[in-house]
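> Got a structure for you, work.cif, holding mmCIF, N, CA and C atoms.
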data_target
loop_
_atom_site.label_atom_id
_atom_site.label_comp_id
_atom_site.auth_asym_id
_atom_site.auth_seq_id
_atom_site.Cartn_x
_atom_site.Cartn_y
_atom_site.Cartn_z
N MET A 1 -4.78 -22.20 55.21
CA MET A 1 -5.40 -21.74 56.43
C MET A 1 -4.65 -22.34 57.62
N ALA A 2 -4.37 -21.50 58.59
CA ALA A 2 -3.61 -21.95 59.75
C ALA A 2 -4.46 -22.87 60.63
N GLU A 3 -3.81 -23.89 61.12
CA GLU A 3 -4.52 -24.83 61.98
C GLU A 3 -4.62 -24.26 63.38
N HIS A 4 -5.82 -24.28 63.93
CA HIS A 4 -6.05 -23.75 65.27
C HIS A 4 -5.97 -24.89 66.28
N ARG A 5 -5.12 -24.75 67.25
CA ARG A 5 -4.96 -25.76 68.30
C ARG A 5 -5.37 -25.15 69.63
N ARG A 6 -6.33 -25.75 70.27
CA ARG A 6 -6.80 -25.24 71.56
C ARG A 6 -5.78 -25.56 72.64
N ARG A 7 -5.54 -24.58 73.51
CA ARG A 7 -4.68 -24.79 74.65
C ARG A 7 -5.59 -25.19 75.82
N THR A 8 -5.41 -26.38 76.30
CA THR A 8 -6.34 -26.89 77.30
C THR A 8 -5.76 -27.00 78.70
N SER A 9 -4.46 -26.98 78.82
CA SER A 9 -3.88 -27.16 80.15
C SER A 9 -3.04 -25.95 80.54
N ASP A 10 -2.79 -25.86 81.83
CA ASP A 10 -1.92 -24.79 82.33
C ASP A 10 -0.53 -24.89 81.70
N GLU A 11 -0.09 -26.10 81.46
CA GLU A 11 1.22 -26.30 80.87
C GLU A 11 1.28 -25.74 79.44
N ASP A 12 0.18 -25.91 78.69
CA ASP A 12 0.13 -25.35 77.33
C ASP A 12 0.27 -23.83 77.37
N TRP A 13 -0.44 -23.20 78.32
CA TRP A 13 -0.37 -21.73 78.43
C TRP A 13 1.02 -21.29 78.89
N HIS A 14 1.60 -22.05 79.82
CA HIS A 14 2.95 -21.73 80.29
C HIS A 14 3.96 -21.85 79.15
N ASN A 15 3.83 -22.88 78.34
CA ASN A 15 4.74 -23.07 77.21
C ASN A 15 4.59 -21.94 76.19
N LEU A 16 3.36 -21.50 75.96
CA LEU A 16 3.15 -20.37 75.05
C LEU A 16 3.84 -19.12 75.58
N ALA A 17 3.67 -18.85 76.86
CA ALA A 17 4.26 -17.66 77.46
C ALA A 17 5.79 -17.69 77.38
N THR A 18 6.37 -18.83 77.70
CA THR A 18 7.84 -18.92 77.65
C THR A 18 8.34 -18.85 76.21
N SER A 19 7.55 -19.36 75.26
CA SER A 19 7.98 -19.27 73.86
C SER A 19 7.95 -17.82 73.36
N LEU A 20 7.16 -16.98 74.03
CA LEU A 20 7.12 -15.55 73.68
C LEU A 20 8.07 -14.72 74.55
N CYS A 21 8.98 -15.41 75.24
CA CYS A 21 10.04 -14.79 76.06
C CYS A 21 9.51 -14.12 77.33
N PHE A 22 8.48 -14.69 77.94
CA PHE A 22 8.00 -14.22 79.23
C PHE A 22 8.38 -15.26 80.28
N ARG A 23 8.52 -14.81 81.54
CA ARG A 23 8.88 -15.73 82.63
C ARG A 23 7.83 -16.82 82.80
N ASP A 24 6.57 -16.37 82.81
CA ASP A 24 5.45 -17.29 82.99
C ASP A 24 4.20 -16.66 82.42
N GLU A 25 3.10 -17.34 82.55
CA GLU A 25 1.84 -16.87 81.97
C GLU A 25 1.37 -15.56 82.62
N LYS A 26 1.46 -15.47 83.94
CA LYS A 26 1.04 -14.26 84.64
C LYS A 26 1.82 -13.05 84.16
N HIS A 27 3.12 -13.21 84.03
CA HIS A 27 3.97 -12.12 83.55
C HIS A 27 3.56 -11.69 82.13
N MET A 28 3.16 -12.64 81.31
CA MET A 28 2.74 -12.35 79.94
C MET A 28 1.49 -11.46 79.97
N TYR A 29 0.50 -11.83 80.78
CA TYR A 29 -0.72 -11.03 80.85
C TYR A 29 -0.45 -9.64 81.42
N GLU A 30 0.38 -9.57 82.45
CA GLU A 30 0.72 -8.27 83.05
C GLU A 30 1.42 -7.37 82.04
N ALA A 31 2.32 -7.95 81.26
CA ALA A 31 3.05 -7.16 80.26
C ALA A 31 2.11 -6.67 79.17
N PHE A 32 1.28 -7.54 78.65
CA PHE A 32 0.34 -7.14 77.60
C PHE A 32 -0.69 -6.14 78.11
N TYR A 33 -1.29 -6.45 79.27
CA TYR A 33 -2.43 -5.67 79.75
C TYR A 33 -2.01 -4.39 80.47
N ASN A 34 -1.08 -4.49 81.42
CA ASN A 34 -0.71 -3.33 82.23
C ASN A 34 0.38 -2.47 81.59
N GLU A 35 1.42 -3.11 81.08
CA GLU A 35 2.54 -2.34 80.54
C GLU A 35 2.28 -1.83 79.14
N GLN A 36 1.74 -2.69 78.26
CA GLN A 36 1.48 -2.26 76.88
C GLN A 36 0.10 -1.64 76.71
N GLY A 37 -0.78 -1.82 77.69
CA GLY A 37 -2.11 -1.22 77.64
C GLY A 37 -3.06 -1.86 76.65
N LEU A 38 -2.81 -3.12 76.28
CA LEU A 38 -3.70 -3.81 75.35
C LEU A 38 -5.01 -4.17 76.04
N SER A 39 -6.07 -4.24 75.27
CA SER A 39 -7.36 -4.68 75.80
C SER A 39 -7.38 -6.21 75.82
N VAL A 40 -8.39 -6.75 76.50
CA VAL A 40 -8.54 -8.21 76.55
C VAL A 40 -8.74 -8.74 75.13
N MET A 41 -9.50 -8.02 74.33
CA MET A 41 -9.74 -8.45 72.95
C MET A 41 -8.44 -8.46 72.14
N GLU A 42 -7.61 -7.45 72.33
CA GLU A 42 -6.33 -7.40 71.60
C GLU A 42 -5.40 -8.52 72.04
N ILE A 43 -5.41 -8.83 73.33
CA ILE A 43 -4.59 -9.95 73.83
C ILE A 43 -5.11 -11.27 73.25
N ALA A 44 -6.42 -11.42 73.23
CA ALA A 44 -7.01 -12.65 72.67
C ALA A 44 -6.63 -12.80 71.20
N ASP A 45 -6.65 -11.71 70.45
CA ASP A 45 -6.25 -11.78 69.04
C ASP A 45 -4.79 -12.18 68.89
N ARG A 46 -3.92 -11.62 69.73
CA ARG A 46 -2.50 -11.96 69.66
C ARG A 46 -2.23 -13.41 69.99
N LEU A 47 -2.99 -13.93 70.95
CA LEU A 47 -2.73 -15.29 71.42
C LEU A 47 -3.62 -16.32 70.74
N ASP A 48 -4.43 -15.88 69.79
CA ASP A 48 -5.34 -16.77 69.06
C ASP A 48 -6.23 -17.54 70.03
N ALA A 49 -6.89 -16.76 70.91
CA ALA A 49 -7.79 -17.35 71.90
C ALA A 49 -9.05 -16.50 71.98
N GLY A 50 -10.03 -16.97 72.71
CA GLY A 50 -11.26 -16.21 72.89
C GLY A 50 -11.13 -15.23 74.05
N THR A 51 -11.95 -14.18 74.02
CA THR A 51 -11.90 -13.19 75.10
C THR A 51 -12.34 -13.79 76.43
N ALA A 52 -13.30 -14.72 76.40
CA ALA A 52 -13.73 -15.36 77.65
C ALA A 52 -12.58 -16.15 78.27
N THR A 53 -11.80 -16.81 77.42
CA THR A 53 -10.65 -17.58 77.91
C THR A 53 -9.62 -16.65 78.55
N ILE A 54 -9.32 -15.56 77.87
CA ILE A 54 -8.32 -14.61 78.41
C ILE A 54 -8.83 -14.00 79.71
N ASN A 55 -10.11 -13.62 79.75
CA ASN A 55 -10.68 -13.09 81.00
C ASN A 55 -10.57 -14.10 82.12
N ARG A 56 -10.89 -15.36 81.84
CA ARG A 56 -10.82 -16.41 82.85
C ARG A 56 -9.39 -16.63 83.33
N ARG A 57 -8.44 -16.66 82.40
CA ARG A 57 -7.04 -16.87 82.78
C ARG A 57 -6.51 -15.68 83.60
N MET A 58 -6.88 -14.45 83.21
CA MET A 58 -6.43 -13.28 83.96
C MET A 58 -7.05 -13.25 85.36
N SER A 59 -8.30 -13.65 85.46
CA SER A 59 -8.96 -13.72 86.78
C SER A 59 -8.29 -14.76 87.66
N PHE A 60 -7.88 -15.87 87.06
CA PHE A 60 -7.19 -16.92 87.80
C PHE A 60 -5.91 -16.37 88.44
N TYR A 61 -5.21 -15.50 87.72
CA TYR A 61 -3.97 -14.91 88.24
C TYR A 61 -4.22 -13.62 89.01
N GLN A 62 -5.48 -13.30 89.24
CA GLN A 62 -5.89 -12.12 90.01
C GLN A 62 -5.32 -10.82 89.46
N ILE A 63 -5.34 -10.70 88.15
CA ILE A 63 -4.90 -9.47 87.49
C ILE A 63 -6.09 -8.52 87.47
N VAL A 64 -5.93 -7.38 88.11
CA VAL A 64 -7.02 -6.42 88.21
C VAL A 64 -7.24 -5.79 86.84
N LYS A 65 -8.49 -5.82 86.40
CA LYS A 65 -8.81 -5.30 85.08
C LYS A 65 -9.31 -3.87 85.17
N ARG A 66 -9.03 -3.13 84.12
CA ARG A 66 -9.51 -1.75 84.02
C ARG A 66 -11.02 -1.76 83.83
N PRO A 67 -11.70 -0.66 84.23
CA PRO A 67 -13.13 -0.61 83.91
C PRO A 67 -13.32 -0.52 82.42
N ARG A 68 -14.41 -1.06 81.96
CA ARG A 68 -14.67 -1.05 80.53
C ARG A 68 -14.84 0.38 80.06
N GLY A 69 -14.17 0.72 78.98
CA GLY A 69 -14.30 2.05 78.39
C GLY A 69 -15.59 2.13 77.61
N GLY A 70 -15.93 3.31 77.23
CA GLY A 70 -17.16 3.46 76.47
C GLY A 70 -17.23 4.82 75.82
N ALA A 71 -18.38 5.11 75.30
CA ALA A 71 -18.56 6.34 74.56
C ALA A 71 -18.40 7.58 75.43
N ARG A 72 -18.66 7.48 76.73
CA ARG A 72 -18.61 8.65 77.60
C ARG A 72 -17.19 9.02 78.04
N LYS A 73 -16.25 8.18 77.83
CA LYS A 73 -14.91 8.42 78.36
C LYS A 73 -14.32 9.73 77.85
N THR A 74 -14.32 9.95 76.55
CA THR A 74 -13.77 11.17 75.98
C THR A 74 -14.61 12.37 76.37
N ALA A 75 -15.92 12.20 76.38
CA ALA A 75 -16.80 13.30 76.75
C ALA A 75 -16.55 13.74 78.19
N ASP A 76 -16.31 12.80 79.08
CA ASP A 76 -16.04 13.14 80.47
C ASP A 76 -14.74 13.94 80.59
N LYS A 77 -13.75 13.58 79.79
CA LYS A 77 -12.47 14.31 79.82
C LYS A 77 -12.65 15.73 79.31
N LYS A 78 -13.43 15.88 78.25
CA LYS A 78 -13.71 17.22 77.73
C LYS A 78 -14.44 18.07 78.76
N ALA A 79 -15.40 17.46 79.44
CA ALA A 79 -16.15 18.18 80.47
C ALA A 79 -15.24 18.59 81.62
N THR A 80 -14.28 17.73 81.97
CA THR A 80 -13.32 18.07 83.02
C THR A 80 -12.56 19.33 82.64
N LEU A 81 -12.08 19.39 81.41
CA LEU A 81 -11.36 20.58 80.95
C LEU A 81 -12.26 21.81 80.95
N PHE A 82 -13.51 21.62 80.58
CA PHE A 82 -14.44 22.73 80.49
C PHE A 82 -14.67 23.38 81.85
N TYR A 83 -14.73 22.57 82.93
CA TYR A 83 -15.03 23.11 84.25
C TYR A 83 -13.80 23.58 85.01
N LEU A 84 -12.63 23.41 84.47
CA LEU A 84 -11.41 23.94 85.09
C LEU A 84 -11.29 25.44 84.80
N ASP A 85 -10.43 26.11 85.57
CA ASP A 85 -10.13 27.52 85.31
C ASP A 85 -9.48 27.61 83.92
N GLN A 86 -10.13 28.29 83.01
CA GLN A 86 -9.67 28.33 81.62
C GLN A 86 -8.33 29.04 81.46
N ARG A 87 -8.00 29.94 82.37
CA ARG A 87 -6.68 30.59 82.31
C ARG A 87 -5.57 29.56 82.53
N VAL A 88 -5.82 28.64 83.45
CA VAL A 88 -4.84 27.58 83.73
C VAL A 88 -4.78 26.61 82.56
N VAL A 89 -5.94 26.23 82.05
CA VAL A 89 -5.99 25.28 80.94
C VAL A 89 -5.20 25.82 79.75
N MET A 90 -5.42 27.07 79.41
CA MET A 90 -4.76 27.63 78.23
C MET A 90 -3.28 27.91 78.47
N ALA A 91 -2.87 28.11 79.72
CA ALA A 91 -1.47 28.44 80.01
C ALA A 91 -0.58 27.21 80.10
N LEU A 92 -1.12 26.11 80.56
CA LEU A 92 -0.29 24.91 80.73
C LEU A 92 -0.01 24.23 79.39
N PRO A 93 1.16 23.63 79.26
CA PRO A 93 1.47 22.85 78.05
C PRO A 93 0.52 21.66 77.94
N ASN A 94 0.20 21.29 76.73
CA ASN A 94 -0.75 20.20 76.49
C ASN A 94 -0.32 18.89 77.15
N ARG A 95 0.94 18.54 77.04
CA ARG A 95 1.42 17.27 77.61
C ARG A 95 1.26 17.25 79.12
N LEU A 96 1.60 18.36 79.77
CA LEU A 96 1.49 18.43 81.22
C LEU A 96 0.04 18.33 81.66
N LEU A 97 -0.84 19.05 80.98
CA LEU A 97 -2.27 19.01 81.29
C LEU A 97 -2.83 17.60 81.09
N ALA A 98 -2.41 16.95 80.04
CA ALA A 98 -2.87 15.59 79.77
C ALA A 98 -2.42 14.63 80.87
N GLU A 99 -1.19 14.77 81.33
CA GLU A 99 -0.68 13.91 82.40
C GLU A 99 -1.37 14.20 83.72
N MET A 100 -1.59 15.49 84.02
CA MET A 100 -2.22 15.87 85.28
C MET A 100 -3.63 15.31 85.43
N TYR A 101 -4.37 15.29 84.34
CA TYR A 101 -5.77 14.87 84.41
C TYR A 101 -6.03 13.53 83.73
N ASP A 102 -4.97 12.77 83.50
CA ASP A 102 -5.06 11.41 82.96
C ASP A 102 -5.93 11.35 81.71
N MET A 103 -5.52 12.11 80.71
CA MET A 103 -6.23 12.09 79.43
C MET A 103 -5.21 12.13 78.31
N SER A 104 -5.66 11.91 77.11
CA SER A 104 -4.74 11.86 75.99
C SER A 104 -4.39 13.28 75.54
N TYR A 105 -3.23 13.37 74.93
CA TYR A 105 -2.76 14.64 74.39
C TYR A 105 -3.75 15.18 73.37
N SER A 106 -4.31 14.30 72.56
CA SER A 106 -5.21 14.75 71.49
C SER A 106 -6.49 15.38 72.04
N VAL A 107 -7.00 14.88 73.18
CA VAL A 107 -8.20 15.49 73.78
C VAL A 107 -7.89 16.92 74.21
N VAL A 108 -6.74 17.11 74.84
CA VAL A 108 -6.34 18.45 75.28
C VAL A 108 -6.14 19.36 74.07
N TYR A 109 -5.44 18.86 73.06
CA TYR A 109 -5.19 19.65 71.86
C TYR A 109 -6.49 20.08 71.19
N GLN A 110 -7.41 19.14 71.02
CA GLN A 110 -8.69 19.46 70.37
C GLN A 110 -9.50 20.45 71.19
N TYR A 111 -9.47 20.30 72.51
CA TYR A 111 -10.20 21.22 73.37
C TYR A 111 -9.64 22.64 73.24
N LYS A 112 -8.32 22.75 73.31
CA LYS A 112 -7.70 24.07 73.21
C LYS A 112 -7.93 24.68 71.83
N ARG A 113 -7.90 23.86 70.82
CA ARG A 113 -8.15 24.34 69.46
C ARG A 113 -9.57 24.89 69.35
N TRP A 114 -10.53 24.13 69.92
CA TRP A 114 -11.91 24.59 69.93
C TRP A 114 -12.04 25.87 70.75
N LYS A 115 -11.38 25.92 71.91
CA LYS A 115 -11.45 27.07 72.80
C LYS A 115 -10.87 28.31 72.13
N ALA A 116 -9.82 28.17 71.37
CA ALA A 116 -9.19 29.31 70.69
C ALA A 116 -10.13 29.90 69.63
N GLY A 117 -11.06 29.06 69.13
CA GLY A 117 -12.03 29.56 68.16
C GLY A 117 -13.04 30.51 68.79
N GLY A 118 -13.25 30.39 70.10
CA GLY A 118 -14.07 31.33 70.83
C GLY A 118 -15.57 31.06 70.81
N SER A 119 -16.05 30.01 70.20
CA SER A 119 -17.47 29.76 70.14
C SER A 119 -17.82 28.48 70.88
N PHE A 120 -18.79 28.58 71.79
CA PHE A 120 -19.27 27.39 72.48
C PHE A 120 -20.33 26.68 71.66
N ILE A 121 -20.93 27.37 70.73
CA ILE A 121 -22.02 26.79 69.96
C ILE A 121 -21.45 25.73 69.02
N GLY A 122 -22.04 24.56 69.07
CA GLY A 122 -21.65 23.50 68.17
C GLY A 122 -20.55 22.60 68.68
N TYR A 123 -19.95 22.91 69.85
CA TYR A 123 -18.91 22.02 70.36
C TYR A 123 -19.57 20.79 70.95
N ASN A 124 -19.12 19.67 70.56
CA ASN A 124 -19.73 18.41 70.97
C ASN A 124 -19.07 17.92 72.26
N LEU A 125 -19.72 18.18 73.41
CA LEU A 125 -19.19 17.72 74.69
C LEU A 125 -19.56 16.26 74.96
N SER A 126 -20.42 15.73 74.17
CA SER A 126 -20.77 14.32 74.35
C SER A 126 -20.38 13.58 73.08
N SER A 127 -20.13 12.31 73.24
CA SER A 127 -19.74 11.53 72.07
C SER A 127 -20.97 10.94 71.39
N THR A 128 -22.16 11.37 71.80
CA THR A 128 -23.37 10.87 71.16
C THR A 128 -23.76 11.72 69.97
N GLY A 129 -23.02 12.78 69.72
CA GLY A 129 -23.31 13.62 68.57
C GLY A 129 -24.25 14.76 68.88
N ARG A 130 -24.65 14.90 70.16
CA ARG A 130 -25.57 15.97 70.55
C ARG A 130 -24.81 17.29 70.60
N GLN A 131 -25.28 18.25 69.86
CA GLN A 131 -24.66 19.57 69.86
C GLN A 131 -25.22 20.38 71.03
N VAL A 132 -24.37 21.10 71.71
CA VAL A 132 -24.81 21.87 72.86
C VAL A 132 -24.46 23.33 72.69
N SER A 133 -25.20 24.16 73.34
CA SER A 133 -24.90 25.59 73.33
C SER A 133 -24.57 26.02 74.75
N MET A 134 -24.11 27.25 74.92
CA MET A 134 -23.78 27.76 76.25
C MET A 134 -25.01 27.72 77.16
N GLU A 135 -26.17 28.05 76.62
CA GLU A 135 -27.39 28.04 77.43
C GLU A 135 -27.72 26.62 77.88
N GLY A 136 -27.49 25.67 76.99
CA GLY A 136 -27.76 24.26 77.34
C GLY A 136 -26.83 23.75 78.42
N MET A 137 -25.61 24.28 78.47
CA MET A 137 -24.66 23.83 79.47
C MET A 137 -25.00 24.37 80.86
N ARG A 138 -25.66 25.49 80.91
CA ARG A 138 -26.00 26.11 82.19
C ARG A 138 -27.16 25.40 82.87
N LYS A 139 -27.94 24.65 82.13
CA LYS A 139 -29.12 23.98 82.70
C LYS A 139 -28.76 22.76 83.47
#
Could you express the structure from this file as structure tokens?

Amino acid sequence: MAEHRRRTSDEDWHNLATSLCFRDEKHMYEAFYNEQGLSVMEIADRLDAGTATINRRMSFYQIVKRPRGGARKTADKKATLFYLDQRVVMALPNRLLAEMYDMSYSVVYQYKRWKAGGSFIGYNLSSTGRQVSMEGMRK
């Protein structure tokens, strides 16, 4: 079993960052969080630290954190596609549409695949598992 050593000083964190080939600790967090898109939990796992510690260290360096994601995130993206002009949605390439509306390629692909089927009944616009029909969407 690996021995766990707590990092208690700024120097310990700085030494860890430089040993991982980063300029300093702030640069390490920016690279992991902003450039690689890792979550605080993923960073904590990589650095063998707690999420509270990583949150505290990132706050110390004034690194702006993303809003917490949740179950509604994908559903909101699907709803965005649903309320757009469907002629435009179906005509644009998936990658371009995904970039324009800041969503993943797979959400666009799944939406278009569902749309090509032609049935609104049973399409899950929410991630809670609630099935909706066209009549339910109009309310």
> Between A:Asp45, A:Asp12, A:Val40, A:Thr51, which is the closest to Arg66 of chain A once you count only C-alpha atoms?
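Of all the options, A:Val40 lies closest to Arg66 of chain A.
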> Name the closest residue to Arg95 of chain A among the candidates A:Ala116, A:Ala44, A:Val108, A:Leu20; distances are taken between atoms, counting only N, CA and C atoms.
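Under the stated criterion, the closest residue is A:Val108.
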> Can you list, as JSON, numbers by chain, every protein, DNA or RNA residue that comes within 8 Å of Arg6 of chain A when you count only N, CA and C atoms, leaving out same-chain residues fewer than 3 positions away?
{"A": [3, 9, 12, 48, 49]}
> Name the residues, using the chain letters and numbers of the file, that sit within 6 Å of (-12.3, 12.6, 78.7) when counting only C-alpha atoms, and give them as a PyMOL selection string.
chain A and resi 73-78
> What is the atom N of Trp114 of chain A to atom CA of Asn94 of chain A distance in Å?
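So the answer is 12.4 Å.
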> Could you please determine the separation between atom CA of Gln62 of chain A and atom CA of Lys26 of chain A in Å, to one decimal place?
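These atoms are spaced 9.0 Å apart.
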> Using all atoms listed in the file, can you tell me which of A:Tyr109, A:Phe22, A:Tyr29, A:Trp13 comes closest to Met58 of chain A?
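Of A:Tyr109, A:Phe22, A:Tyr29, A:Trp13, the one nearest Met58 of chain A is A:Tyr29, counting all atoms listed in the file.
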> Find the residues around Ile63 of chain A up to 12 Å (only C-alpha atoms counted), leave out those fewer than 3 positions away in its own chain, and share them as a VMD selection string.
chain A and resid 25 to 34 40 54 to 60 66
> Hey, which of A:Arg23, A:Arg46, A:Arg68, A:Arg113 ends up closest to Met90 of chain A? Count only C-alpha atoms.
A:Arg113
> Report, in Å to a single decimal, how far apart atom N of Phe82 of chain A and atom C of Gly37 of chain A are.
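It comes out at 26.0 Å.
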> Kindly indicate which residue among A:Met100, A:Leu47, A:Leu81, A:Leu92 lies nearest to Lys115 of chain A, using only C-alpha atoms for the distances.
A:Leu81
